[in-house]
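Visitor: Got a structure for you, questions after.
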Amino acid sequence: MLDKALSGSKKYGIWIGFLLLIMGGGFIAYLQQLDVGLGITGMSRDVSWGLYIAQFTFLVGVAAGGVMVVLPYYLHDYKTFGRITVLGEFLAIAALIMCLLFIVVDLGYPSRLFNVIIHFSPDSMLFWDMIVLNGYLFLNIVVGWNVLQAERNAVSYKKWVKYLAYFSIPWAVGIHTVTAFLYCGLPGRGFWLTAILAPRFLASAFAAGPALLIILALIVQKTTKFDPGDKAIDTLSKIVCYALITNVFFFLCEVFVVFYSQNPHHMETFQFLFQGVHGHDSLVPWMWGSMFLMGFGILFLVIPRLRTNRFLLPITCAMVFIGTWIDKGMGLITGGFNPTPLNHIAEYAPTGLEIMITLGVYAVGLLVLTLLFKIAVSVKEEVGA
Amino acid sequence: MKKSRRRFLKIAGVSALGLGAGSAVNVLASEVVKKENPAKSGKKASENSQFQKNPKTFTADRWAIVIDTRKLDKKKTEKIQKACHLNHNVPEIPEEKKEIKWIWTDKYYNVFPDKKNEYLAEKLDGLGILTLCNHCDNPPCVQACPTKATFQREDGIVIMDFHRCIGCRFCMAACPYGSRSFNFFNPRPHIDDVNPDFPTRQKGVVEKCNLCAERLAEGKAPYCVEASDGAISYGDLEDPDSSVRRLLKSNFTIRRRPALGTMPCVYYIV
């Protein structure tokens, strides 16, 4: 089936070329980082994780979000999702590849990467994260590929594939839970030290992943002969709606606990993010922007007339995606490091090179996504024709 | 042509055999080492091994430090920091946000943010309190490290293998004291006078105070203790007659963020 990715329209070629160009730019920036060190980034002694780990955390959510189509289809035999299940699985693959790349570009000494395996340390949550992420990647590749191949050959897929698909459902919950455990098990970081972090991660993941999937399905609907189905898109938008409401609800629970208890350290992080502390307020517009995007996202998704409006829906989904991206990306990471252990406020802003490397990784992910979607859509066009 | 191919196969075969034999020898060798391993045979290292422990080595069940802030001022703390940083090849990074420090000072409320009283004793106002790795008995950084590059020795010292660290900085997120620094750049151009007796680091690894493990191994006091004119004491926390235990008995001491359960081993007399 791989050959399907190699031929396409002129527009397809231009798009691939564009992605390769961005990848090249990112690669050159990464060579600079390898040469100089992580000093080329905006990270510091106090904010020791930045844009890369923020993207990693967010994209684990996008990958886990794929389960929102896999679960209804395989577990409840929800046929409407039959057409887009493979798109969800392929989105998860692309997101996971980006996650792994973001971890690698974040390492200070990437050539020692395999020390994580050679000197494996089960006490460390990073060890478990490596296992669940790679395992989920493997599951999605095997399931997605086999199901698509069976569809192409007009046979039903093998039974073991279905069992693997079942297996991938709790596994999806697992990847985001373990990713939350990276943060919420650290005693000294009040903003992260909350049992609701993993549930909150999952809620925002189940909003962001399907929101992106809707946008992708609409693009596929518009640009190819394959129709993912209006009903599937409608159902997905309801899923995004409830997941987003849950995410905001969890966030508000956190706000209540912090401000009603009046715990000064926990309050200070929220004040830093939403008001600014001692003039350090660079994240304030971002955080309010995130709240605004998620709030209006809920409004546009709850009202049926607005939710089913095909012009508004992709805009709403983009709002949800960006809103959760700010919330779980920069807000979560920089917020978690503030106030610092020595009770200072340390701001963080990524540098140009850091942004370029980040875009490069996104380009890799989009390339993988494009190729996989091209294969899937070509097979579906072929079967449908 | 045919001949040379046969020749190639022959050489390849012999080489493969050689490799196999090599690993067989290795297995034998490791057997011998295993037999000689004193930890397994239960004999003392000095009886059996060609490597002997330096008899002068200072040992303890659990190392601890007591800092008497009453005896310190700006001049003294600067001297202490200099002694540590110069001897440990700690680079002077011009960009403050990315600097590397093993021991330094901050204000009282910054070192002890959970001890916020509305009105602070005058003598503490503006005083620089020394801060360094706490060598926690229950260290979150060791738990977080995915490669065991950061580990805890039996005597309690939390120490790093700079050659194993992958630079993921998970330990920096885990440390509740901000005691860890990361080499954002190659540190070597930023060291004016390299001490050849202590390793310099490479870019991309984390580092922190090692409680002068290299000094203790030679039967010498840590640099900070030596430079402190008696303001910093070190000793065995498990030994009731040690200098630190005597100080803890006769003085009221505090530790940084004890509520977190990390059990820091650096005590402060204020």
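The chains in the structure tokens are called A, B, ... from first to last as shown; in each chain the residues are counted from 1, and the ligands are counted from 1 in the order shown.
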Select residues of chain A: the criterion is any atom within 6 Å of an atom of chain B, counting only C-alpha atoms; output as a PyMOL selection string.
Guide: chain A and resi 37-39+44-45+107-109+112+115-116+119-121+123-124+126-127+186+188+341-343
Visitor: Kindly export the residues of the current selection with N, CA, C and O atoms, as a PDB file, in the first residue's frame.
Guide:
ATOM      1  N   GLY A  37      24.672  23.647  22.223  1.00  0.00           N
ATOM      2  CA  GLY A  37      24.018  23.141  23.438  1.00  0.00           C
ATOM      3  C   GLY A  37      22.632  23.754  23.565  1.00  0.00           C
ATOM      4  O   GLY A  37      22.228  24.592  22.752  1.00  0.00           O
ATOM      5  N   LEU A  38      21.923  23.332  24.608  1.00  0.00           N
ATOM      6  CA  LEU A  38      20.560  23.839  24.799  1.00  0.00           C
ATOM      7  C   LEU A  38      20.561  25.317  25.203  1.00  0.00           C
ATOM      8  O   LEU A  38      19.500  25.909  25.400  1.00  0.00           O
ATOM      9  N   GLY A  39      21.757  25.901  25.286  1.00  0.00           N
ATOM     10  CA  GLY A  39      21.866  27.330  25.546  1.00  0.00           C
ATOM     11  C   GLY A  39      21.211  28.183  24.475  1.00  0.00           C
ATOM     12  O   GLY A  39      20.868  29.340  24.720  1.00  0.00           O
ATOM     13  N   SER A  44      16.054  27.871  31.171  1.00  0.00           N
ATOM     14  CA  SER A  44      16.990  28.402  32.154  1.00  0.00           C
ATOM     15  C   SER A  44      17.133  27.418  33.307  1.00  0.00           C
ATOM     16  O   SER A  44      16.517  26.356  33.316  1.00  0.00           O
ATOM     17  N   ARG A  45      17.950  27.827  34.255  1.00  0.00           N
ATOM     18  CA  ARG A  45      18.149  27.026  35.456  1.00  0.00           C
ATOM     19  C   ARG A  45      16.816  26.789  36.174  1.00  0.00           C
ATOM     20  O   ARG A  45      16.569  25.724  36.716  1.00  0.00           O
ATOM     21  N   LEU A 107      16.783  16.545  24.826  1.00  0.00           N
ATOM     22  CA  LEU A 107      17.876  15.957  25.602  1.00  0.00           C
ATOM     23  C   LEU A 107      19.147  16.784  25.461  1.00  0.00           C
ATOM     24  O   LEU A 107      19.491  17.230  24.373  1.00  0.00           O
ATOM     25  N   GLY A 108      19.841  16.952  26.571  1.00  0.00           N
ATOM     26  CA  GLY A 108      21.106  17.665  26.531  1.00  0.00           C
ATOM     27  C   GLY A 108      22.193  16.818  25.888  1.00  0.00           C
ATOM     28  O   GLY A 108      23.108  17.327  25.263  1.00  0.00           O
ATOM     29  N   TYR A 109      22.081  15.501  26.061  1.00  0.00           N
ATOM     30  CA  TYR A 109      23.109  14.596  25.564  1.00  0.00           C
ATOM     31  C   TYR A 109      22.432  13.468  24.779  1.00  0.00           C
ATOM     32  O   TYR A 109      22.390  12.309  25.232  1.00  0.00           O
ATOM     33  N   ARG A 112      23.395   9.746  24.242  1.00  0.00           N
ATOM     34  CA  ARG A 112      23.286   8.782  25.346  1.00  0.00           C
ATOM     35  C   ARG A 112      21.850   8.320  25.552  1.00  0.00           C
ATOM     36  O   ARG A 112      21.530   7.730  26.587  1.00  0.00           O
ATOM     37  N   ASN A 115      20.809   5.054  27.160  1.00  0.00           N
ATOM     38  CA  ASN A 115      21.039   4.792  28.587  1.00  0.00           C
ATOM     39  C   ASN A 115      19.729   4.527  29.318  1.00  0.00           C
ATOM     40  O   ASN A 115      19.710   3.855  30.339  1.00  0.00           O
ATOM     41  N   VAL A 116      18.636   5.059  28.767  1.00  0.00           N
ATOM     42  CA  VAL A 116      17.327   4.847  29.389  1.00  0.00           C
ATOM     43  C   VAL A 116      16.975   3.353  29.364  1.00  0.00           C
ATOM     44  O   VAL A 116      16.283   2.847  30.245  1.00  0.00           O
ATOM     45  N   HIS A 119      20.517   1.313  31.250  1.00  0.00           N
ATOM     46  CA  HIS A 119      20.521   1.457  32.714  1.00  0.00           C
ATOM     47  C   HIS A 119      19.100   1.712  33.193  1.00  0.00           C
ATOM     48  O   HIS A 119      18.844   2.648  33.942  1.00  0.00           O
ATOM     49  N   PHE A 120      18.168   0.912  32.728  1.00  0.00           N
ATOM     50  CA  PHE A 120      16.753   1.198  32.984  1.00  0.00           C
ATOM     51  C   PHE A 120      16.457   1.307  34.471  1.00  0.00           C
ATOM     52  O   PHE A 120      17.036   0.590  35.289  1.00  0.00           O
ATOM     53  N   SER A 121      15.566   2.193  34.784  1.00  0.00           N
ATOM     54  CA  SER A 121      15.307   2.530  36.177  1.00  0.00           C
ATOM     55  C   SER A 121      13.796   2.624  36.401  1.00  0.00           C
ATOM     56  O   SER A 121      13.207   3.674  36.179  1.00  0.00           O
ATOM     57  N   ASP A 123      12.019   3.070  38.855  1.00  0.00           N
ATOM     58  CA  ASP A 123      11.547   4.088  39.792  1.00  0.00           C
ATOM     59  C   ASP A 123      11.167   5.371  39.067  1.00  0.00           C
ATOM     60  O   ASP A 123      10.399   6.167  39.569  1.00  0.00           O
ATOM     61  N   SER A 124      11.765   5.563  37.899  1.00  0.00           N
ATOM     62  CA  SER A 124      11.551   6.803  37.170  1.00  0.00           C
ATOM     63  C   SER A 124      10.322   6.690  36.277  1.00  0.00           C
ATOM     64  O   SER A 124      10.187   5.735  35.516  1.00  0.00           O
ATOM     65  N   LEU A 126       9.799   8.362  33.758  1.00  0.00           N
ATOM     66  CA  LEU A 126      10.218   8.503  32.362  1.00  0.00           C
ATOM     67  C   LEU A 126      10.429   7.140  31.715  1.00  0.00           C
ATOM     68  O   LEU A 126      10.157   6.951  30.525  1.00  0.00           O
ATOM     69  N   PHE A 127      10.885   6.187  32.505  1.00  0.00           N
ATOM     70  CA  PHE A 127      11.055   4.817  32.003  1.00  0.00           C
ATOM     71  C   PHE A 127       9.698   4.267  31.548  1.00  0.00           C
ATOM     72  O   PHE A 127       9.562   3.721  30.450  1.00  0.00           O
ATOM     73  N   LEU A 186       5.857  14.895  41.701  1.00  0.00           N
ATOM     74  CA  LEU A 186       7.015  15.643  42.203  1.00  0.00           C
ATOM     75  C   LEU A 186       6.602  16.478  43.418  1.00  0.00           C
ATOM     76  O   LEU A 186       5.730  17.339  43.313  1.00  0.00           O
ATOM     77  N   GLY A 188       7.806  18.904  45.195  1.00  0.00           N
ATOM     78  CA  GLY A 188       8.047  20.329  45.389  1.00  0.00           C
ATOM     79  C   GLY A 188       7.337  21.251  44.414  1.00  0.00           C
ATOM     80  O   GLY A 188       7.552  22.457  44.437  1.00  0.00           O
ATOM     81  N   PRO A 341      11.719  27.045  43.376  1.00  0.00           N
ATOM     82  CA  PRO A 341      11.972  26.522  44.729  1.00  0.00           C
ATOM     83  C   PRO A 341      12.509  27.596  45.675  1.00  0.00           C
ATOM     84  O   PRO A 341      12.298  27.530  46.880  1.00  0.00           O
ATOM     85  N   LEU A 342      13.211  28.582  45.134  1.00  0.00           N
ATOM     86  CA  LEU A 342      13.712  29.657  45.983  1.00  0.00           C
ATOM     87  C   LEU A 342      12.787  30.873  45.915  1.00  0.00           C
ATOM     88  O   LEU A 342      13.207  32.011  46.146  1.00  0.00           O
ATOM     89  N   ASN A 343      11.532  30.585  45.609  1.00  0.00           N
ATOM     90  CA  ASN A 343      10.476  31.591  45.687  1.00  0.00           C
ATOM     91  C   ASN A 343      10.717  32.828  44.832  1.00  0.00           C
ATOM     92  O   ASN A 343      10.422  33.950  45.240  1.00  0.00           O
TER      93      ASN A 343
END
Visitor: What separation in Å, quoted to one decimal, exists between atom CA of B:Leu72 and atom CA of B:Asp137?
Guide: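 Spanning atom CA of B:Leu72 to atom CA of B:Asp137 is a straight-line distance of 26.1 Å.
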Visitor: Among stretch 112-269 of chain B, which residues carry a DSSP assignment of strand (DSSP E or B), reported as a list of chain:residue names?
Guide: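 Filtering stretch 112-269 of chain B to strand (DSSP E or B) leaves B:Ile129, B:Leu130, B:Thr131, B:Leu132, B:Thr150, B:Phe151, B:Gln152, B:Val158, B:Ile159, B:Met160, B:Ser181, B:Phe182, B:Val206, B:Glu207, B:Ile232, B:Ser233, B:Tyr234, B:Gly235, B:Asp236, B:Thr253, B:Ile254, B:Val266, B:Tyr267, B:Tyr268, B:Ile269.
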Visitor: For the selection you just gave me, I'd like the residues written to a file as a PDB file, in the first residue's frame, keeping C-alpha atoms.
Guide:
ATOM      1  CA  ILE B 129      21.759  32.255  53.651  1.00  0.00           C
ATOM      2  CA  LEU B 130      23.910  29.572  52.078  1.00  0.00           C
ATOM      3  CA  THR B 131      22.062  27.035  49.992  1.00  0.00           C
ATOM      4  CA  LEU B 132      23.300  23.839  48.385  1.00  0.00           C
ATOM      5  CA  THR B 150      21.952  10.430  39.919  1.00  0.00           C
ATOM      6  CA  PHE B 151      22.160   7.979  42.778  1.00  0.00           C
ATOM      7  CA  GLN B 152      22.456   7.810  46.513  1.00  0.00           C
ATOM      8  CA  VAL B 158      23.467  12.050  46.524  1.00  0.00           C
ATOM      9  CA  ILE B 159      25.931  12.079  43.682  1.00  0.00           C
ATOM     10  CA  MET B 160      26.032  12.060  39.899  1.00  0.00           C
ATOM     11  CA  SER B 181      22.246  23.232  37.365  1.00  0.00           C
ATOM     12  CA  PHE B 182      22.362  22.251  33.738  1.00  0.00           C
ATOM     13  CA  VAL B 206      23.260  18.271  34.940  1.00  0.00           C
ATOM     14  CA  GLU B 207      25.513  18.869  37.920  1.00  0.00           C
ATOM     15  CA  ILE B 232      29.921  24.911  58.677  1.00  0.00           C
ATOM     16  CA  SER B 233      30.267  21.519  60.333  1.00  0.00           C
ATOM     17  CA  TYR B 234      29.983  18.091  58.829  1.00  0.00           C
ATOM     18  CA  GLY B 235      29.755  14.655  60.333  1.00  0.00           C
ATOM     19  CA  ASP B 236      27.850  11.446  60.782  1.00  0.00           C
ATOM     20  CA  THR B 253      18.003  24.065  63.912  1.00  0.00           C
ATOM     21  CA  ILE B 254      15.761  24.240  60.866  1.00  0.00           C
ATOM     22  CA  VAL B 266      21.584  20.107  55.709  1.00  0.00           C
ATOM     23  CA  TYR B 267      20.640  21.821  58.973  1.00  0.00           C
ATOM     24  CA  TYR B 268      20.657  25.528  59.712  1.00  0.00           C
ATOM     25  CA  ILE B 269      21.239  27.322  63.009  1.00  0.00           C
TER      26      ILE B 269
END
Visitor: Could you please write out, as a PDB file with N, CA, C and O atoms, in the first residue's frame, every residue of stretch 103-140 of chain B that DSSP assigns to helix (DSSP H, G or I)?
Guide:
ATOM      1  N   TYR B 108      16.718  35.071  53.346  1.00  0.00           N
ATOM      2  CA  TYR B 108      16.095  34.121  54.271  1.00  0.00           C
ATOM      3  C   TYR B 108      14.769  33.587  53.746  1.00  0.00           C
ATOM      4  O   TYR B 108      14.536  32.377  53.717  1.00  0.00           O
ATOM      5  N   TYR B 109      13.907  34.477  53.296  1.00  0.00           N
ATOM      6  CA  TYR B 109      12.582  34.029  52.853  1.00  0.00           C
ATOM      7  C   TYR B 109      12.624  33.244  51.544  1.00  0.00           C
ATOM      8  O   TYR B 109      11.688  32.537  51.207  1.00  0.00           O
ATOM      9  N   ASN B 110      13.699  33.402  50.794  1.00  0.00           N
ATOM     10  CA  ASN B 110      13.825  32.624  49.565  1.00  0.00           C
ATOM     11  C   ASN B 110      14.315  31.212  49.867  1.00  0.00           C
ATOM     12  O   ASN B 110      13.889  30.253  49.234  1.00  0.00           O
ATOM     13  N   VAL B 111      15.211  31.120  50.848  1.00  0.00           N
ATOM     14  CA  VAL B 111      15.707  29.796  51.219  1.00  0.00           C
ATOM     15  C   VAL B 111      14.650  29.049  52.033  1.00  0.00           C
ATOM     16  O   VAL B 111      14.495  27.835  51.907  1.00  0.00           O
ATOM     17  N   GLU B 122      15.657  41.336  62.804  1.00  0.00           N
ATOM     18  CA  GLU B 122      16.487  42.301  62.081  1.00  0.00           C
ATOM     19  C   GLU B 122      17.772  41.678  61.541  1.00  0.00           C
ATOM     20  O   GLU B 122      18.200  41.962  60.439  1.00  0.00           O
ATOM     21  N   LYS B 123      18.359  40.817  62.365  1.00  0.00           N
ATOM     22  CA  LYS B 123      19.661  40.246  61.962  1.00  0.00           C
ATOM     23  C   LYS B 123      19.543  39.387  60.704  1.00  0.00           C
ATOM     24  O   LYS B 123      20.491  39.224  59.958  1.00  0.00           O
ATOM     25  N   LEU B 124      18.341  38.836  60.462  1.00  0.00           N
ATOM     26  CA  LEU B 124      18.187  37.990  59.283  1.00  0.00           C
ATOM     27  C   LEU B 124      17.875  38.804  58.031  1.00  0.00           C
ATOM     28  O   LEU B 124      18.066  38.354  56.913  1.00  0.00           O
ATOM     29  N   PRO B 140      14.028  13.033  45.807  1.00  0.00           N
ATOM     30  CA  PRO B 140      13.162  12.937  44.629  1.00  0.00           C
ATOM     31  C   PRO B 140      13.948  12.907  43.315  1.00  0.00           C
ATOM     32  O   PRO B 140      13.470  12.346  42.322  1.00  0.00           O
TER      33      PRO B 140
END
Visitor: Calculated over only C-alpha atoms, which of the candidates B:Phe198, B:Trp104, B:Tyr223, B:Phe162 has the smallest distance to B:His88?
Guide: B:Phe198
Visitor: Could you give me, as a list in words, the residues within 10 Å of A:Leu71, counting only C-alpha atoms and dropping anything in the same chain fewer than 3 positions from it?
Guide: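 With the cut-off at 10 Å, the set is Gly66, Val67, Met68, Tyr74, Leu75, His76, Asp77, Tyr78, Phe81, Thr85, Ala165, Tyr166, Ser168, Ile169 and Pro170 of chain A.
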